[in-house]
file structure11.cif (mmCIF, C-alpha atoms and all ligand atoms)
data_coords
loop_
_atom_site.label_atom_id
_atom_site.label_comp_id
_atom_site.auth_asym_id
_atom_site.auth_seq_id
_atom_site.Cartn_x
_atom_site.Cartn_y
_atom_site.Cartn_z
CA MET A 1 19.76 27.73 57.43
CA ASN A 2 18.65 24.48 59.01
CA ALA A 3 15.52 24.14 61.20
CA ARG A 4 17.80 23.19 64.14
CA ASP A 5 19.55 26.55 63.88
CA ILE A 6 16.33 28.47 64.46
CA VAL A 7 15.99 29.24 68.14
CA ASN A 8 12.62 29.18 69.90
CA VAL A 9 12.69 32.85 70.80
CA GLU A 10 12.94 33.83 67.12
CA VAL A 11 9.90 31.75 66.30
CA GLU A 12 7.93 33.30 69.17
CA VAL A 13 8.82 36.83 68.01
CA LEU A 14 7.86 35.99 64.42
CA LEU A 15 4.54 34.48 65.51
CA SER A 16 3.66 37.49 67.67
CA ALA A 17 4.59 39.84 64.81
CA ILE A 18 2.23 37.92 62.50
CA ARG A 19 -0.51 37.94 65.13
CA GLU A 20 -0.19 41.62 66.02
CA ARG A 21 0.09 42.87 62.45
CA TYR A 22 -2.36 40.58 60.63
CA GLY A 23 -4.40 38.75 63.29
CA TRP A 24 -3.22 35.28 62.21
CA ASP A 25 -2.49 32.98 65.13
CA PHE A 26 0.01 30.16 64.62
CA TYR A 27 0.81 30.01 68.32
CA TYR A 28 -0.63 26.51 68.87
CA TYR A 29 0.97 24.97 65.77
CA LYS A 30 3.65 22.35 66.42
CA ARG A 31 7.01 24.07 66.70
CA ALA A 32 9.10 21.40 64.93
CA SER A 33 7.00 21.59 61.78
CA LEU A 34 6.84 25.41 61.91
CA LYS A 35 10.63 25.57 62.21
CA ARG A 36 11.09 23.33 59.16
CA ARG A 37 8.75 25.50 57.11
CA ILE A 38 10.41 28.72 58.28
CA ALA A 39 13.88 27.33 57.45
CA THR A 40 12.74 26.41 53.92
CA PHE A 41 11.18 29.85 53.49
CA LEU A 42 14.38 31.60 54.61
CA HIS A 43 16.42 29.48 52.21
CA GLU A 44 14.08 30.15 49.25
CA ASN A 45 14.20 33.89 49.93
CA ASN A 46 17.96 34.11 50.49
CA LEU A 47 17.55 35.16 54.09
CA LYS A 48 19.90 34.08 56.84
CA HIS A 49 17.93 34.74 60.02
CA VAL A 50 14.35 35.01 61.19
CA SER A 51 15.20 38.51 62.41
CA GLU A 52 15.64 39.56 58.77
CA LEU A 53 12.26 38.14 57.87
CA ILE A 54 10.25 40.02 60.52
CA PRO A 55 10.59 43.57 59.08
CA LEU A 56 9.91 42.19 55.60
CA ILE A 57 6.61 40.59 56.50
CA MET A 58 5.57 43.66 58.52
CA TRP A 59 5.62 45.90 55.45
CA ASP A 60 5.42 43.62 52.43
CA LYS A 61 2.00 41.94 52.14
CA GLU A 62 3.15 39.77 49.24
CA ILE A 63 6.02 38.26 51.23
CA PHE A 64 3.67 37.80 54.17
CA GLU A 65 1.20 35.92 51.97
CA HIS A 66 3.99 33.68 50.65
CA LEU A 67 4.99 32.93 54.21
CA ILE A 68 1.40 32.05 55.18
CA HIS A 69 1.23 29.78 52.15
CA SER A 70 4.39 27.97 53.30
CA LEU A 71 3.31 27.72 56.92
CA SER A 72 -0.12 26.31 56.11
CA VAL A 73 1.19 23.25 54.14
CA PRO A 74 -1.42 23.03 51.38
CA VAL A 75 -0.30 19.56 50.23
CA THR A 76 -3.09 17.22 49.15
CA GLU A 77 -4.23 14.63 46.60
CA MET A 78 -7.39 12.88 45.44
CA TYR A 79 -8.48 9.82 47.41
CA ARG A 80 -5.55 10.27 49.78
CA ASP A 81 -5.33 7.06 51.82
CA PRO A 82 -7.61 4.94 49.63
CA SER A 83 -8.37 2.54 52.51
CA PHE A 84 -10.03 5.44 54.34
CA PHE A 85 -12.23 6.22 51.33
CA ASN A 86 -13.01 2.52 51.03
CA ALA A 87 -14.21 2.40 54.65
CA LEU A 88 -16.17 5.58 54.04
CA ARG A 89 -17.89 4.08 51.01
CA ASN A 90 -18.66 0.72 52.60
CA GLU A 91 -19.44 1.66 56.19
CA VAL A 92 -20.48 5.33 56.36
CA VAL A 93 -22.27 5.82 53.05
CA PRO A 94 -24.95 3.17 53.84
CA ILE A 95 -25.82 5.24 56.92
CA LEU A 96 -25.79 8.52 54.96
CA LYS A 97 -28.20 6.89 52.49
CA THR A 98 -30.86 6.81 55.23
CA TYR A 99 -30.74 10.63 55.58
CA PRO A 100 -33.04 12.92 53.58
CA PHE A 101 -30.26 15.49 53.10
CA ILE A 102 -26.49 15.25 53.71
CA LYS A 103 -24.27 18.11 54.84
CA VAL A 104 -20.51 17.62 54.54
CA TRP A 105 -17.75 19.92 55.79
CA HIS A 106 -14.18 19.62 54.51
CA ALA A 107 -12.18 21.66 57.04
CA GLY A 108 -8.67 22.35 55.69
CA CYS A 109 -9.58 21.47 52.11
CA ALA A 110 -6.37 22.93 50.55
CA SER A 111 -6.91 23.05 46.74
CA GLY A 112 -10.12 21.01 46.71
CA GLU A 113 -8.98 17.50 45.72
CA GLU A 114 -10.50 15.91 48.85
CA ALA A 115 -13.87 17.67 48.41
CA TYR A 116 -14.08 16.65 44.74
CA SER A 117 -13.13 13.06 45.70
CA MET A 118 -16.14 13.06 48.02
CA ALA A 119 -18.40 14.70 45.43
CA ILE A 120 -17.51 11.94 42.94
CA LEU A 121 -18.07 9.24 45.57
CA LEU A 122 -21.48 10.72 46.47
CA GLN A 123 -22.37 10.95 42.79
CA GLU A 124 -21.50 7.28 42.28
CA GLU A 125 -23.64 6.35 45.27
CA GLY A 126 -26.58 8.40 43.97
CA LEU A 127 -26.35 10.86 46.86
CA LEU A 128 -24.89 14.01 45.32
CA PRO A 129 -28.23 15.65 44.38
CA ARG A 130 -29.25 15.64 48.06
CA SER A 131 -25.85 16.61 49.44
CA ARG A 132 -24.21 19.96 50.10
CA LEU A 133 -20.43 20.09 50.58
CA TYR A 134 -18.80 23.03 52.38
CA ALA A 135 -15.05 23.13 51.88
CA THR A 136 -13.01 25.62 53.88
CA ASP A 137 -9.43 26.64 54.45
CA ILE A 138 -7.36 29.61 55.61
CA ASN A 139 -5.31 29.59 52.43
CA ASP A 140 -6.95 31.80 49.79
CA ASP A 141 -4.61 30.63 47.01
CA GLY A 142 -5.70 27.03 47.60
CA LEU A 143 -9.36 28.06 47.74
CA LYS A 144 -9.05 29.92 44.43
CA LYS A 145 -7.58 26.83 42.79
CA ALA A 146 -10.27 24.66 44.37
CA GLU A 147 -13.04 26.88 43.02
CA GLN A 148 -11.55 26.76 39.54
CA GLY A 149 -11.21 22.97 39.74
CA VAL A 150 -8.38 22.95 37.21
CA TYR A 151 -5.64 20.40 37.86
CA GLN A 152 -2.61 19.01 36.06
CA LEU A 153 -3.69 16.12 33.86
CA ASP A 154 -0.68 14.06 34.96
CA ASP A 155 -1.68 14.43 38.61
CA ILE A 156 -5.21 13.23 37.92
CA LYS A 157 -3.80 10.25 36.01
CA GLU A 158 -1.72 9.41 39.06
CA TYR A 159 -4.78 9.60 41.31
CA GLN A 160 -6.52 6.88 39.22
CA ASN A 161 -4.74 4.26 41.26
CA ASN A 162 -5.97 5.75 44.56
CA TYR A 163 -9.47 6.05 43.12
CA HIS A 164 -9.66 2.38 42.14
CA LYS A 165 -8.19 1.20 45.44
CA SER A 166 -10.81 3.30 47.23
CA GLY A 167 -13.60 1.39 45.46
CA GLY A 168 -14.10 3.89 42.61
CA LYS A 169 -16.61 2.53 40.17
CA GLY A 170 -15.67 4.12 36.87
CA ASP A 171 -12.83 5.99 35.23
CA LEU A 172 -11.63 9.02 37.21
CA LEU A 173 -10.90 10.89 33.98
CA ASP A 174 -14.61 10.76 33.08
CA TYR A 175 -15.22 13.34 35.80
CA PHE A 176 -12.97 15.88 34.08
CA ARG A 177 -12.88 17.78 30.82
CA ILE A 178 -9.41 17.50 29.35
CA SER A 179 -7.83 20.52 27.72
CA SER A 180 -4.17 20.07 26.64
CA ASN A 181 -2.34 19.17 29.84
CA LYS A 182 -5.13 20.29 32.21
CA ALA A 183 -8.02 18.38 33.74
CA ILE A 184 -11.05 20.52 34.57
CA ILE A 185 -13.60 19.12 37.00
CA ASN A 186 -17.08 18.65 35.49
CA THR A 187 -19.43 21.53 36.26
CA SER A 188 -22.11 19.11 37.48
CA LEU A 189 -19.78 18.10 40.34
CA LYS A 190 -19.21 21.72 41.37
CA HIS A 191 -22.89 22.64 41.82
CA ASN A 192 -23.17 21.26 45.34
CA VAL A 193 -19.73 22.30 46.59
CA ARG A 194 -19.12 25.69 48.27
CA PHE A 195 -15.59 26.87 49.03
CA SER A 196 -14.97 29.57 51.60
CA ASN A 197 -12.38 30.96 53.98
CA HIS A 198 -12.75 29.63 57.51
CA ASN A 199 -10.13 29.61 60.24
CA LEU A 200 -10.49 26.71 62.66
CA ILE A 201 -8.76 28.73 65.36
CA ARG A 202 -10.75 31.92 65.13
CA ASP A 203 -14.08 31.24 63.47
CA SER A 204 -17.16 29.57 64.90
CA SER A 205 -19.16 26.66 63.58
CA PHE A 206 -21.42 27.37 60.65
CA GLY A 207 -24.06 24.72 60.58
CA THR A 208 -25.16 21.26 61.53
CA MET A 209 -23.13 18.77 59.54
CA ASN A 210 -23.57 15.03 59.04
CA ILE A 211 -19.91 14.42 58.32
CA ILE A 212 -16.78 16.51 58.87
CA PHE A 213 -13.45 15.80 57.20
CA CYS A 214 -10.43 17.35 58.85
CA ARG A 215 -7.69 15.20 57.44
CA ASN A 216 -3.99 15.96 57.77
CA VAL A 217 -4.61 19.19 59.65
CA TYR A 218 -4.53 18.06 63.32
CA ILE A 219 -1.01 16.82 62.72
CA TYR A 220 0.20 20.45 62.62
CA PHE A 221 -1.64 21.43 65.81
CA GLU A 222 -0.55 21.12 69.44
CA PRO A 223 -2.85 18.84 71.51
CA GLU A 224 -4.53 21.86 73.16
CA LEU A 225 -5.56 23.22 69.76
CA GLN A 226 -6.64 19.76 68.57
CA ASP A 227 -9.01 19.62 71.56
CA ARG A 228 -10.45 23.06 70.79
CA VAL A 229 -11.05 22.07 67.18
CA THR A 230 -12.65 18.77 68.23
CA GLN A 231 -15.06 20.77 70.41
CA LEU A 232 -15.83 23.04 67.46
CA PHE A 233 -16.64 19.96 65.38
CA LEU A 234 -18.85 18.49 68.11
CA ASP A 235 -20.76 21.79 68.15
CA SER A 236 -21.07 21.60 64.35
CA LEU A 237 -22.29 17.98 64.08
CA ALA A 238 -25.77 16.53 64.09
CA PRO A 239 -26.21 13.58 66.52
CA GLY A 240 -24.82 10.48 64.81
CA GLY A 241 -22.55 12.66 62.64
CA PHE A 242 -19.03 11.59 61.70
CA ILE A 243 -15.56 13.14 62.10
CA CYS A 244 -12.84 11.85 59.75
CA LEU A 245 -9.16 12.48 60.48
CA GLY A 246 -5.93 11.69 58.62
CA SER A 247 -4.14 8.35 58.95
CA LYS A 248 -1.60 9.69 61.49
CA GLU A 249 -4.13 11.60 63.58
CA SER A 250 -6.49 10.65 66.37
CA ILE A 251 -8.88 12.04 68.95
CA HIS A 252 -8.37 11.27 72.65
CA ILE A 253 -11.74 9.60 72.87
CA GLU A 254 -11.51 9.26 76.65
CA ASN A 255 -11.92 13.06 76.86
CA TYR A 256 -15.36 12.79 75.23
CA PRO A 257 -17.04 9.78 76.93
CA HIS A 258 -20.59 11.15 76.51
CA GLU A 259 -20.08 12.75 73.13
CA LEU A 260 -17.99 10.58 70.80
CA GLU A 261 -17.27 6.97 69.92
CA VAL A 262 -14.71 5.37 67.65
CA PHE A 263 -16.52 4.20 64.51
CA ASN A 264 -13.55 2.74 62.61
CA GLU A 265 -10.20 3.02 64.35
CA ARG A 266 -7.97 2.13 61.39
CA ALA A 267 -9.74 4.61 59.12
CA ARG A 268 -9.76 7.28 61.88
CA ILE A 269 -13.51 7.73 61.73
CA TYR A 270 -15.35 8.90 64.86
CA ARG A 271 -19.06 9.26 65.48
CA LYS A 272 -21.00 11.70 67.64
CA LEU A 273 -23.25 9.88 70.08
CA TYR A 274 -27.01 10.33 70.16
CA GLN A 275 -27.53 11.81 73.64
C1 LIG B 1 -1.93 19.10 54.50
S1 LIG B 1 -3.32 20.04 54.00
C2 LIG B 1 -4.60 18.81 54.09
C3 LIG B 1 -5.52 18.85 52.88
C4 LIG B 1 -6.58 17.73 52.83
N1 LIG B 1 -7.45 17.78 53.98
C5 LIG B 1 -5.93 16.38 52.74
O1 LIG B 1 -5.94 15.61 53.69
O2 LIG B 1 -5.36 16.07 51.68
C6 LIG B 1 -3.60 21.03 55.46
C7 LIG B 1 -4.55 22.19 55.18
O3 LIG B 1 -4.99 22.72 56.44
C8 LIG B 1 -5.13 24.11 56.29
N2 LIG B 1 -5.09 24.76 57.61
C9 LIG B 1 -4.03 24.95 58.42
N3 LIG B 1 -4.41 25.65 59.52
C10 LIG B 1 -5.73 25.90 59.38
C11 LIG B 1 -6.69 26.59 60.16
N4 LIG B 1 -6.34 27.19 61.30
N5 LIG B 1 -7.97 26.66 59.71
C12 LIG B 1 -8.33 26.09 58.55
N6 LIG B 1 -7.47 25.43 57.75
C13 LIG B 1 -6.19 25.33 58.16
C14 LIG B 1 -3.93 24.48 55.43
O4 LIG B 1 -4.08 25.74 54.82
C15 LIG B 1 -3.87 23.33 54.44
O5 LIG B 1 -4.54 23.62 53.25
#

call {"tool": "encode", "arguments": {"input": "structure11.cif", "output": "structure tokens", "more": "lines below"}}
Ligand SMILES: C[S@@+](CC[C@H](N)C(=O)[O-])C[C@H]1O[C@@H](n2cnc3c(N)ncnc32)[C@H](O)[C@@H]1O
result
Amino acid sequence: MNARDIVNVEVEVLLSAIRERYGWDFYYYKRASLKRRIATFLHENNLKHVSELIPLIMWDKEIFEHLIHSLSVPVTEMYRDPSFFNALRNEVVPILKTYPFIKVWHAGCASGEEAYSMAILLQEEGLLPRSRLYATDINDDGLKKAEQGVYQLDDIKEYQNNYHKSGGKGDLLDYFRISSNKAIINTSLKHNVRFSNHNLIRDSSFGTMNIIFCRNVYIYFEPELQDRVTQLFLDSLAPGGFICLGSKESIHIENYPHELEVFNERARIYRKLYQ
């Protein structure tokens, strides 16, 4: 089945079934992307129609969890968009250096690559000992992988290029212990990183952060949900704190004239105003 063959009403019924049965709310996710994911899921599970999928997810938790995994798009990499990390290092880090303690939130951290990229960057800038990174997601499989910090060696080798373009100062492999074809993140980098389940739609803020990453997550949300999440971030930021989005995402700054300013437009970095 092709995404175009899925009719809206089927998606709505599926989403209400998920919400009623499990409390997960995908209602404000962009329909086109949801339809593509659902079509792929149907194909992979030899199902023809969404109506066949609904009774399966109602009674089979494993299938339901696979579906959630597919719908949440846990795709990521280290130093994704190196120019963003470069701007972060050169323009934001000098400001963070003036703070006595730095709190970072990676919202939608997938399997942890972004949080460990930041931990390495902070380490190189001498800031990691006074930083605490909170990395959250709705996808427990991704969080488990993130906590383990075990990646494919070939993937880490590929990220070397990103790392250097982002201004990385050493050899990315030095931050891992290599065991056959796996790369295991150094324990010293894990000390200050906490992974936990947090749903941006349902859960409240959990602290006063200095910088929030929510990269390549807004892109899946309808504008109404993007605005709700932006408000959640404003409530979770210290004055002068930063919000970092993905390269194809933005905040309608005109909706927040007294709260936010654009810090670096190209890098999609925003800053909460001191009021
Ligand atoms: C494409 S990944 C982005 C990973 C990383 N931030 C990056 O840019 O490489 C999107 C992540 O957002 C998470 N996500 C989707 N909806 C979410 C929600 N309501 N609350 C928290 N995380 C969510 C997904 O589970 C997925 O891991």

call {"tool": "residues_near_ligand", "arguments": {"input": "structure11.cif", "ligand": "ligand LIG 1 (chain B)", "cutoff": "9 Å", "atoms": "all atoms listed in the file", "output": "number ranges by chain"}}
result
A: 24-26, 29, 68-81, 106-115, 136-140, 142-143, 197-203, 213-221, 245-246

call {"tool": "closest_residue", "arguments": {"input": "structure11.cif", "among": "A:His252, A:Lys97, A:His258, A:Arg271", "to": "Leu237 of chain A", "atoms": "all atoms listed in the file"}}
result
A:Arg271

call {"tool": "atom_distance", "arguments": {"input": "structure11.cif", "atom1": "atom CA of Lys157 of chain A", "atom2": "atom CA of Leu173 of chain A"}}
result
7.4 Å

call {"tool": "atom_distance", "arguments": {"input": "structure11.cif", "atom1": "atom CA of Phe84 of chain A", "atom2": "atom CA of Asn181 of chain A"}}
result
29.1 Å

call {"tool": "atom_distance", "arguments": {"input": "structure11.cif", "atom1": "atom CA of Gln226 of chain A", "atom2": "atom CA of Asn90 of chain A"}}
result
27.6 Å

call {"tool": "residues_around", "arguments": {"input": "structure11.cif", "residues": "Val150 of chain A", "least_positions_apart": "6", "cutoff": "8 Å", "atoms": "only C-alpha atoms", "output": "PyMOL selection string"}}
result
chain A and resi 182-185

call {"tool": "residues_around", "arguments": {"input": "structure11.cif", "residues": "Ala39 of chain A", "least_positions_apart": "6", "cutoff": "12 Å", "atoms": "only C-alpha atoms", "output": "MDAnalysis selection string"}}
result
chainID A and resid 1:7 10:11 31:33 45:50 53 67 70:71

call {"tool": "closest_residue", "arguments": {"input": "structure11.cif", "among": "A:Phe195, A:Tyr134, A:Tyr27, A:Phe176", "to": "Gly207 of chain A", "atoms": "only C-alpha atoms"}}
result
A:Tyr134

call {"tool": "closest_residue", "arguments": {"input": "structure11.cif", "among": "A:Thr230, A:Asn8, A:Gln152, A:Ser236", "to": "Ser179 of chain A", "atoms": "only C-alpha atoms"}}
result
A:Gln152

call {"tool": "closest_residue", "arguments": {"input": "structure11.cif", "among": "A:Arg36, A:Arg268, A:Arg194, A:His66", "to": "Val104 of chain A", "atoms": "all atoms listed in the file"}}
result
A:Arg194

call {"tool": "closest_residue", "arguments": {"input": "structure11.cif", "among": "A:Val193, A:Ala146, A:Leu88, A:Leu96", "to": "Ser166 of chain A", "atoms": "all atoms listed in the file"}}
result
A:Leu88

call {"tool": "closest_residue", "arguments": {"input": "structure11.cif", "among": "A:Ala267, A:Ile102, A:Leu121, A:Ile156", "to": "Lys169 of chain A", "atoms": "all atoms listed in the file"}}
result
A:Leu121

call {"tool": "residues_around", "arguments": {"input": "structure11.cif", "residues": "Glu20 of chain A", "least_positions_apart": "6", "cutoff": "12 Å", "atoms": "all atoms listed in the file", "output": "list in words"}}
result
Val13, Leu14, Phe26, Tyr27, Ile54, Ile57 and Met58 of chain A
